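Listing of start07.pdb, PDB, C-alpha atoms
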```
ATOM      1  CA  MET A   1      85.777 -12.414  57.586
ATOM      2  CA  THR A   2      87.368  -8.986  57.149
ATOM      3  CA  GLN A   3      90.185 -10.392  54.961
ATOM      4  CA  TRP A   4      87.699 -12.176  52.684
ATOM      5  CA  PHE A   5      85.629  -8.977  52.400
ATOM      6  CA  TRP A   6      88.551  -6.858  51.225
ATOM      7  CA  ARG A   7      90.082  -9.608  49.091
ATOM      8  CA  ARG A   8      87.190  -9.194  46.664
ATOM      9  CA  ALA A   9      87.490  -5.407  46.537
ATOM     10  CA  PRO A  10      88.947  -4.016  43.276
ATOM     11  CA  ILE A  11      92.024  -1.805  43.420
ATOM     12  CA  LEU A  12      91.718   1.574  41.719
ATOM     13  CA  VAL A  13      94.818   2.957  39.996
ATOM     14  CA  PHE A  14      95.528   5.921  37.754
ATOM     15  CA  ARG A  15      98.073   4.369  35.357
ATOM     16  CA  ASN A  16      97.071   1.564  33.008
ATOM     17  CA  GLU A  17     100.506  -0.072  33.200
ATOM     18  CA  VAL A  18     100.234  -0.404  37.001
ATOM     19  CA  GLY A  19      96.790  -1.955  36.634
ATOM     20  CA  THR A  20      98.110  -4.518  34.157
ATOM     21  CA  GLN A  21     100.902  -5.596  36.512
ATOM     22  CA  LEU A  22      98.561  -5.896  39.504
ATOM     23  CA  ASN A  23      96.009  -7.844  37.467
ATOM     24  CA  CYS A  24      98.697 -10.325  36.377
ATOM     25  CA  LYS A  25      99.858 -10.847  39.960
ATOM     26  CA  ALA A  26      96.282 -11.242  41.216
ATOM     27  CA  ALA A  27      95.384 -13.721  38.463
ATOM     28  CA  ILE A  28      98.457 -15.845  39.190
ATOM     29  CA  HIS A  29      97.742 -15.778  42.928
ATOM     30  CA  ASN A  30      94.084 -16.733  42.523
ATOM     31  CA  ALA A  31      94.865 -19.497  40.030
ATOM     32  CA  THR A  32      97.401 -20.969  42.467
ATOM     33  CA  GLN A  33      95.021 -20.663  45.429
ATOM     34  CA  SER A  34      92.230 -22.363  43.461
ATOM     35  CA  GLY A  35      94.442 -25.171  42.161
ATOM     36  CA  TYR A  36      94.302 -24.065  38.511
ATOM     37  CA  THR A  37      97.217 -24.046  36.086
ATOM     38  CA  PRO A  38      97.740 -20.408  34.976
ATOM     39  CA  ILE A  39      96.272 -19.808  31.512
ATOM     40  CA  VAL A  40      97.189 -16.846  29.327
ATOM     41  CA  CYS A  41      95.539 -15.951  26.008
ATOM     42  CA  VAL A  42      97.999 -14.723  23.403
ATOM     43  CA  ALA A  43      96.948 -12.050  20.906
ATOM     44  CA  GLN A  44      97.377 -12.852  17.213
ATOM     45  CA  ASP A  45      99.429 -10.081  15.606
ATOM     46  CA  THR A  46     100.036  -9.655  11.888
ATOM     47  CA  CYS A  47     101.837  -7.076   9.770
ATOM     48  CA  LYS A  48     100.704  -6.625   6.161
ATOM     49  CA  ASP A  49      98.519  -9.740   6.668
ATOM     50  CA  LYS A  50     101.562 -11.860   7.545
ATOM     51  CA  PRO A  51     102.181 -13.399  11.007
ATOM     52  CA  ILE A  52     104.988 -11.941  13.107
ATOM     53  CA  GLU A  53     107.718 -14.589  12.851
ATOM     54  CA  ASP A  54     110.593 -12.976  14.741
ATOM     55  CA  PRO A  55     110.201 -14.247  18.345
ATOM     56  CA  THR A  56     111.865 -11.212  19.934
ATOM     57  CA  PHE A  57     109.704  -8.753  18.012
ATOM     58  CA  MET A  58     106.594 -10.827  18.760
ATOM     59  CA  LYS A  59     107.288 -10.721  22.514
ATOM     60  CA  LYS A  60     107.926  -6.980  22.394
ATOM     61  CA  LEU A  61     104.569  -6.408  20.695
ATOM     62  CA  LEU A  62     102.781  -8.557  23.285
ATOM     63  CA  GLU A  63     104.307  -6.468  26.077
ATOM     64  CA  ILE A  64     102.957  -3.144  24.773
ATOM     65  CA  SER A  65     100.371  -1.575  27.076
ATOM     66  CA  ASP A  66      96.811  -2.151  25.879
ATOM     67  CA  SER A  67      96.296   1.614  26.141
ATOM     68  CA  LYS A  68      98.424   1.762  22.965
ATOM     69  CA  THR A  69      96.849  -1.264  21.207
ATOM     70  CA  GLU A  70      93.221  -0.136  20.995
ATOM     71  CA  GLN A  71      92.417  -1.840  24.328
ATOM     72  CA  LEU A  72      93.288  -5.360  23.127
ATOM     73  CA  PRO A  73      95.881  -6.869  25.504
ATOM     74  CA  GLY A  74      98.755  -8.933  24.147
ATOM     75  CA  LEU A  75      98.813 -11.377  27.073
ATOM     76  CA  LEU A  76      95.534 -11.928  28.903
ATOM     77  CA  PRO A  77      95.495 -14.127  32.046
ATOM     78  CA  PHE A  78      92.274 -16.030  32.742
ATOM     79  CA  VAL A  79      91.064 -17.686  35.948
ATOM     80  CA  PRO A  80      87.624 -19.363  36.062
ATOM     81  CA  GLY A  81      85.284 -17.227  38.157
ATOM     82  CA  MET A  82      87.311 -14.034  37.869
ATOM     83  CA  SER A  83      85.613 -10.688  37.312
ATOM     84  CA  ALA A  84      86.478  -9.084  33.978
ATOM     85  CA  ILE A  85      85.639  -5.950  32.011
ATOM     86  CA  LEU A  86      84.808  -5.749  28.320
ATOM     87  CA  THR A  87      87.037  -3.304  26.452
ATOM     88  CA  GLN A  88      85.108  -3.137  23.161
ATOM     89  CA  ASN A  89      81.543  -2.530  22.008
ATOM     90  CA  ILE A  90      80.433  -5.951  20.779
ATOM     91  CA  ALA A  91      76.627  -5.678  20.635
ATOM     92  CA  ILE A  92      75.321  -2.417  22.050
ATOM     93  CA  GLU A  93      71.687  -3.437  21.674
ATOM     94  CA  LEU A  94      72.325  -6.526  23.839
ATOM     95  CA  GLY A  95      74.258  -4.674  26.515
ATOM     96  CA  PHE A  96      77.694  -5.985  25.527
ATOM     97  CA  ILE A  97      79.419  -2.630  25.666
ATOM     98  CA  ASN A  98      82.825  -1.231  26.546
ATOM     99  CA  GLY A  99      83.199  -1.070  30.337
ATOM    100  CA  ILE A 100      80.533  -3.649  31.247
ATOM    101  CA  ASN A 101      81.445  -6.110  33.990
ATOM    102  CA  GLY A 102      81.178  -9.855  33.646
ATOM    103  CA  ILE A 103      82.441 -13.084  35.153
ATOM    104  CA  PHE A 104      84.719 -15.304  33.089
ATOM    105  CA  ARG A 105      83.618 -18.954  33.249
ATOM    106  CA  GLN A 106      85.359 -20.958  30.521
ATOM    107  CA  LEU A 107      87.813 -20.496  27.671
ATOM    108  CA  VAL A 108      87.039 -22.191  24.353
ATOM    109  CA  TYR A 109      90.076 -22.831  22.155
ATOM    110  CA  GLN A 110      91.549 -25.172  19.574
ATOM    111  CA  SER A 111      93.065 -28.203  21.283
ATOM    112  CA  ASP A 112      96.398 -27.887  19.464
ATOM    113  CA  SER A 113      96.892 -24.214  20.305
ATOM    114  CA  ILE A 114      98.421 -24.614  23.782
ATOM    115  CA  SER A 115     102.122 -24.003  24.346
ATOM    116  CA  THR A 116     104.294 -23.867  27.455
ATOM    117  CA  ASP A 117     107.046 -21.834  25.775
ATOM    118  CA  VAL A 118     107.625 -18.843  28.043
ATOM    119  CA  LEU A 119     106.450 -15.553  26.523
ATOM    120  CA  SER A 120     106.750 -13.355  29.598
ATOM    121  CA  GLN A 121     108.669 -13.438  32.859
ATOM    122  CA  ALA A 122     105.563 -12.012  34.545
ATOM    123  CA  PHE A 123     104.009 -15.495  34.584
ATOM    124  CA  PRO A 124     105.251 -18.700  36.284
ATOM    125  CA  SER A 125     107.061 -21.393  34.296
ATOM    126  CA  ASN A 126     104.066 -23.776  34.323
ATOM    127  CA  THR A 127     101.816 -21.254  32.544
ATOM    128  CA  GLN A 128      99.898 -22.538  29.531
ATOM    129  CA  TYR A 129      99.728 -20.070  26.643
ATOM    130  CA  VAL A 130      96.669 -20.349  24.374
ATOM    131  CA  HIS A 131      97.576 -19.053  20.914
ATOM    132  CA  ARG A 132      94.264 -19.627  19.117
ATOM    133  CA  PRO A 133      91.338 -18.960  21.450
ATOM    134  CA  LEU A 134      87.866 -19.106  19.900
ATOM    135  CA  ASN A 135      85.752 -17.368  22.520
ATOM    136  CA  ALA A 136      85.356 -16.809  26.246
ATOM    137  CA  LEU A 137      82.161 -18.034  27.899
ATOM    138  CA  SER A 138      81.237 -15.270  30.295
ATOM    139  CA  GLU A 139      78.355 -14.408  32.574
ATOM    140  CA  ILE A 140      77.069 -10.909  31.866
ATOM    141  CA  ALA A 141      74.555 -10.024  34.597
ATOM    142  CA  ARG A 142      73.309  -6.903  32.792
ATOM    143  CA  SER A 143      72.920  -8.688  29.475
ATOM    144  CA  LYS A 144      69.765  -7.908  27.500
ATOM    145  CA  VAL A 145      69.650 -11.374  25.937
ATOM    146  CA  GLU A 146      66.114 -12.523  26.752
ATOM    147  CA  CYS A 147      66.508 -16.240  26.069
ATOM    148  CA  ASN A 148      69.109 -18.829  27.016
ATOM    149  CA  LEU A 149      71.556 -19.673  24.282
ATOM    150  CA  GLU A 150      71.568 -23.310  23.202
ATOM    151  CA  GLU A 151      73.320 -25.589  25.718
ATOM    152  CA  LEU A 152      74.411 -22.606  27.837
ATOM    153  CA  GLN A 153      73.290 -21.532  31.292
ATOM    154  CA  PRO A 154      71.284 -18.293  31.759
ATOM    155  CA  LYS A 155      73.260 -15.082  31.210
ATOM    156  CA  LEU A 156      76.192 -17.130  29.840
ATOM    157  CA  VAL A 157      77.331 -15.842  26.451
ATOM    158  CA  PRO A 158      80.336 -16.498  24.186
ATOM    159  CA  ILE A 159      82.464 -13.375  23.797
ATOM    160  CA  PRO A 160      84.285 -13.555  20.436
ATOM    161  CA  LEU A 161      87.678 -12.300  19.352
ATOM    162  CA  MET A 162      87.830  -8.706  18.171
ATOM    163  CA  GLU A 163      90.163  -7.145  15.626
ATOM    164  CA  GLN A 164      91.856  -3.765  15.831
ATOM    165  CA  THR A 165      94.761  -2.048  14.091
ATOM    166  CA  PHE A 166      97.356   0.022  15.915
ATOM    167  CA  ARG A 167     100.568   1.745  14.899
ATOM    168  CA  VAL A 168     103.881   1.192  16.616
ATOM    169  CA  ASP A 169     107.260   2.895  16.314
ATOM    170  CA  ILE A 170     109.642  -0.062  16.246
ATOM    171  CA  THR A 171     112.556   2.172  17.294
ATOM    172  CA  ASP A 172     110.886   2.297  20.723
ATOM    173  CA  ILE A 173     110.980  -1.469  21.164
ATOM    174  CA  LEU A 174     114.229  -2.457  19.425
ATOM    175  CA  PRO A 175     117.311  -3.214  21.561
ATOM    176  CA  LYS A 176     119.717  -0.283  21.796
ATOM    177  CA  GLY A 177     122.327  -2.058  19.669
ATOM    178  CA  LYS A 178     119.872  -2.454  16.780
ATOM    179  CA  LYS A 179     118.491   1.081  16.737
ATOM    180  CA  SER A 180     119.244   3.353  13.808
ATOM    181  CA  ILE A 181     121.686   6.212  14.339
ATOM    182  CA  SER A 182     119.210   8.638  12.765
ATOM    183  CA  ASN A 183     116.253   9.968  14.713
ATOM    184  CA  GLU A 184     113.738   8.963  12.040
ATOM    185  CA  LYS A 185     110.737   6.972  13.192
ATOM    186  CA  ALA A 186     109.954   3.556  11.741
ATOM    187  CA  ILE A 187     106.187   3.160  12.007
ATOM    188  CA  LEU A 188     104.511  -0.200  11.427
ATOM    189  CA  SER A 189     100.802  -0.925  11.271
ATOM    190  CA  ILE A 190      99.931  -4.015  13.330
ATOM    191  CA  LYS A 191      96.620  -5.840  13.094
ATOM    192  CA  ARG A 192      95.651  -7.647  16.297
ATOM    193  CA  ARG A 193      92.973 -10.267  17.008
ATOM    194  CA  ALA A 194      92.337 -10.897  20.693
ATOM    195  CA  LEU A 195      89.666 -11.349  23.334
ATOM    196  CA  PRO A 196      88.316  -7.928  24.389
ATOM    197  CA  PHE A 197      88.748  -8.382  28.133
ATOM    198  CA  VAL A 198      90.861  -7.168  31.010
ATOM    199  CA  PRO A 199      90.772  -8.704  34.495
ATOM    200  CA  ALA A 200      88.925  -6.577  37.044
ATOM    201  CA  TYR A 201      91.038  -7.297  40.118
ATOM    202  CA  CYS A 202      92.469  -3.862  39.444
ATOM    203  CA  ILE A 203      90.821  -1.159  37.325
ATOM    204  CA  THR A 204      91.802   2.316  36.259
ATOM    205  CA  THR A 205      89.981   5.349  37.593
ATOM    206  CA  HIS A 206      88.892   6.013  34.007
ATOM    207  CA  LYS A 207      87.200   2.601  33.695
ATOM    208  CA  SER A 208      85.555   3.019  37.088
ATOM    209  CA  GLN A 209      83.583   6.084  35.987
ATOM    210  CA  GLY A 210      79.853   5.399  36.025
ATOM    211  CA  GLN A 211      80.197   2.160  37.999
ATOM    212  CA  THR A 212      78.703   1.437  41.396
ATOM    213  CA  LEU A 213      81.478  -0.004  43.566
ATOM    214  CA  HIS A 214      80.485  -1.084  47.075
ATOM    215  CA  LYS A 215      84.083  -1.358  48.239
ATOM    216  CA  VAL A 216      87.428  -0.379  46.695
ATOM    217  CA  VAL A 217      91.098  -0.158  47.618
ATOM    218  CA  ILE A 218      92.675   3.197  46.754
ATOM    219  CA  ASP A 219      96.189   4.478  47.301
TER     220      ASP A 219
END
```
Just give me the structure as C-alpha cells.
Amino acid sequence: MTQWFWRRAPILVFRNEVGTQLNCKAAIHNATQSGYTPIVCVAQDTCKDKPIEDPTFMKKLLEISDSKTEQLPGLLPFVPGMSAILTQNIAIELGFINGINGIFRQLVYQSDSISTDVLSQAFPSNTQYVHRPLNALSEIARSKVECNLEELQPKLVPIPLMEQTFRVDITDILPKGKKSISNEKAILSIKRRALPFVPAYCITTHKSQGQTLHKVVID
C-alpha cells in the first residue's frame, strides 16, 4: 500500500533537464508495466519554412531542452492515463492555461506517420515515433467547458498542436570537428509545431508554484 501511495507522488526538481530525464524514464517504466508499446511524439521543426532534412541536425534540435524552445518539447513520451501539464495558453476563457494539470487518454495521429527509426537513445528500441500527431485527447478536470464535445466523454477535450519560434546557435550543437575556428555565433530561427505537454511524473519547482500537491518527493 505504501509503495503504491508514493509511486503516484510527483518528484520536484530544480533543473528542467533533470525533470525531462526523469519523465522519460518514468514514462518508459509505466508503459512497460502497463503492457503498452512506448510512444513518442516528434516535434515538427522547420527553418525558413523548409523541413530540417539533415538527420544529425534534426536529432540535435529534438534534444534541446524545452526551456530553450518556448516550452515545446522535441520528443514527448505518452502513456495512456499519465498525468501531464499544459505548457501553453490555449484557451484562457475555458481554463486551458499554462500549468494546468490533465490526464492524457489518447493520441490522435495520421496512420502513416509512425516510424520505428531510433531518434534518441533515451528510449527503448521498440519505441514508436509519431511524426504527425493531430491532437491529444486529454481529461482536464478544471475545464470550464460546460457541455460534452461530440462523441467525447465529459471533460475530455482535444488539445491541438501549438507553434512557436525559437533561436538556436548551431555552433553549440555541431560536432567539434565541424565547428568554425572563429568565435562568431551562427544563429538560426527554428519554427516548431508540437503538442504543448510535458509529463507530470516529475515537475520543476517553478511549475509547482500555485499547485496543491498532497504528496511529493523532494531531494
Of the candidates A:Phe78, A:Tyr109, A:Phe197, A:Phe96, which shows the shortest atom-to-atom distance to Ala27 in chain A, using only C-alpha atoms?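 Of A:Phe78, A:Tyr109, A:Phe197, A:Phe96, the one nearest Ala27 in chain A, counting only C-alpha atoms, is A:Phe78.
Among the candidates A:Val168, A:Leu119, A:Leu188, A:Leu195, the one nearest to Ala136 in chain A when counting only C-alpha atoms is A:Leu195.
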Quick one: residues within 10 Å of Arg167 in chain A, only C-alpha atoms counted, chain neighbours fewer than 3 positions away excluded, as a PDB file with C-alpha atoms, in the frame of the given file?
```pdb
ATOM      1  CA  LYS A  68      98.424   1.762  22.965  1.00  0.00           C
ATOM      2  CA  THR A  69      96.849  -1.264  21.207  1.00  0.00           C
ATOM      3  CA  GLU A  70      93.221  -0.136  20.995  1.00  0.00           C
ATOM      4  CA  ILE A 170     109.642  -0.062  16.246  1.00  0.00           C
ATOM      5  CA  ILE A 187     106.187   3.160  12.007  1.00  0.00           C
ATOM      6  CA  LEU A 188     104.511  -0.200  11.427  1.00  0.00           C
ATOM      7  CA  SER A 189     100.802  -0.925  11.271  1.00  0.00           C
ATOM      8  CA  ILE A 190      99.931  -4.015  13.330  1.00  0.00           C
ATOM      9  CA  LYS A 191      96.620  -5.840  13.094  1.00  0.00           C
TER      10      LYS A 191
END
```
Taking all atoms listed in the file into account, which of A:Glu17, A:Asp54, A:Asp112, A:Glu150 comes nearest Asp66 in chain A?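 That would be A:Glu17, the residue with the smallest distance to Asp66 in chain A.
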Can you work out the spacing between CA of Val217 in chain A and CA of Thr204 in chain A in Å, to one decimal?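 Result for CA of Val217 in chain A versus CA of Thr204 in chain A: 11.6 Å, one decimal.
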Residue with smallest distance to Pro77 in chain A - pool A:Pro160, A:Pro124, A:Gly99, A:Pro10, counting only C-alpha atoms: A:Pro124
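Here CA of Phe166 in chain A and CA of Gly210 in chain A stand 27.2 Å from one another.
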On this structure, which residues satisfy the PyMOL selection byres ((chain A and resi 22) around 12), written as a PyMOL selection string? chain A and resi 10-13+15-21+23-29+77+122+198-204
Within-8 Å shell of (88.2, -13.3, 40.8) in input frame, all atoms listed in the file, as number ranges by chain: A: 8, 27, 30, 79-83, 200-201
As JSON, please report the centre and edge lengths, rounded to one decimal in Å, of the axis-aligned box that holds all listed atoms of range 151-160 of chain A with 4 Å of padding on each of the six sides.
```
{"center_x": 77.8, "center_y": -19.5, "center_z": 26.1, "size_x": 21.0, "size_y": 20.2, "size_z": 19.3}
```
If we count all atoms listed in the file, what is near Val130 in chain A at a cut-off of 8 Å, once residues fewer than 3 positions away on the same chain are taken out, given as a count of residues only? 9
Taking only C-alpha atoms into account, name the residue in A:Gln106, A:Gln121, A:Thr37, A:Thr46 that is nearest to Asn135 in chain A.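 Ranking A:Gln106, A:Gln121, A:Thr37, A:Thr46 by distance to Asn135 in chain A, first place goes to A:Gln106.
Relative to CA of Phe104 in chain A, CA of Ala84 in chain A is found at 6.5 Å.
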Please enumerate the residues selected by the PyMOL selection byres ((chain A and resi 116) around 8) when evaluated against the supplied file, formatted as a PDB file with C-alpha atoms, keeping the file's coordinate frame.
```pdb
ATOM      1  CA  ILE A 114      98.421 -24.614  23.782  1.00  0.00           C
ATOM      2  CA  SER A 115     102.122 -24.003  24.346  1.00  0.00           C
ATOM      3  CA  ASP A 117     107.046 -21.834  25.775  1.00  0.00           C
ATOM      4  CA  VAL A 118     107.625 -18.843  28.043  1.00  0.00           C
ATOM      5  CA  SER A 125     107.061 -21.393  34.296  1.00  0.00           C
ATOM      6  CA  ASN A 126     104.066 -23.776  34.323  1.00  0.00           C
ATOM      7  CA  THR A 127     101.816 -21.254  32.544  1.00  0.00           C
ATOM      8  CA  GLN A 128      99.898 -22.538  29.531  1.00  0.00           C
ATOM      9  CA  TYR A 129      99.728 -20.070  26.643  1.00  0.00           C
TER      10      TYR A 129
END
```
Exactly which residues make up the result of the PyMOL selection byres ((chain A and resi 72) around 12) on this file, given as a PyMOL selection string? chain A and resi 41-45+61-71+73-76+85-88+98+161-166+190-198
Rank nothing, just name the residue among A:Leu137, A:Ala31, A:Met58, A:Ile52 nearest to Arg105 in chain A, using all atoms listed in the file. A:Leu137
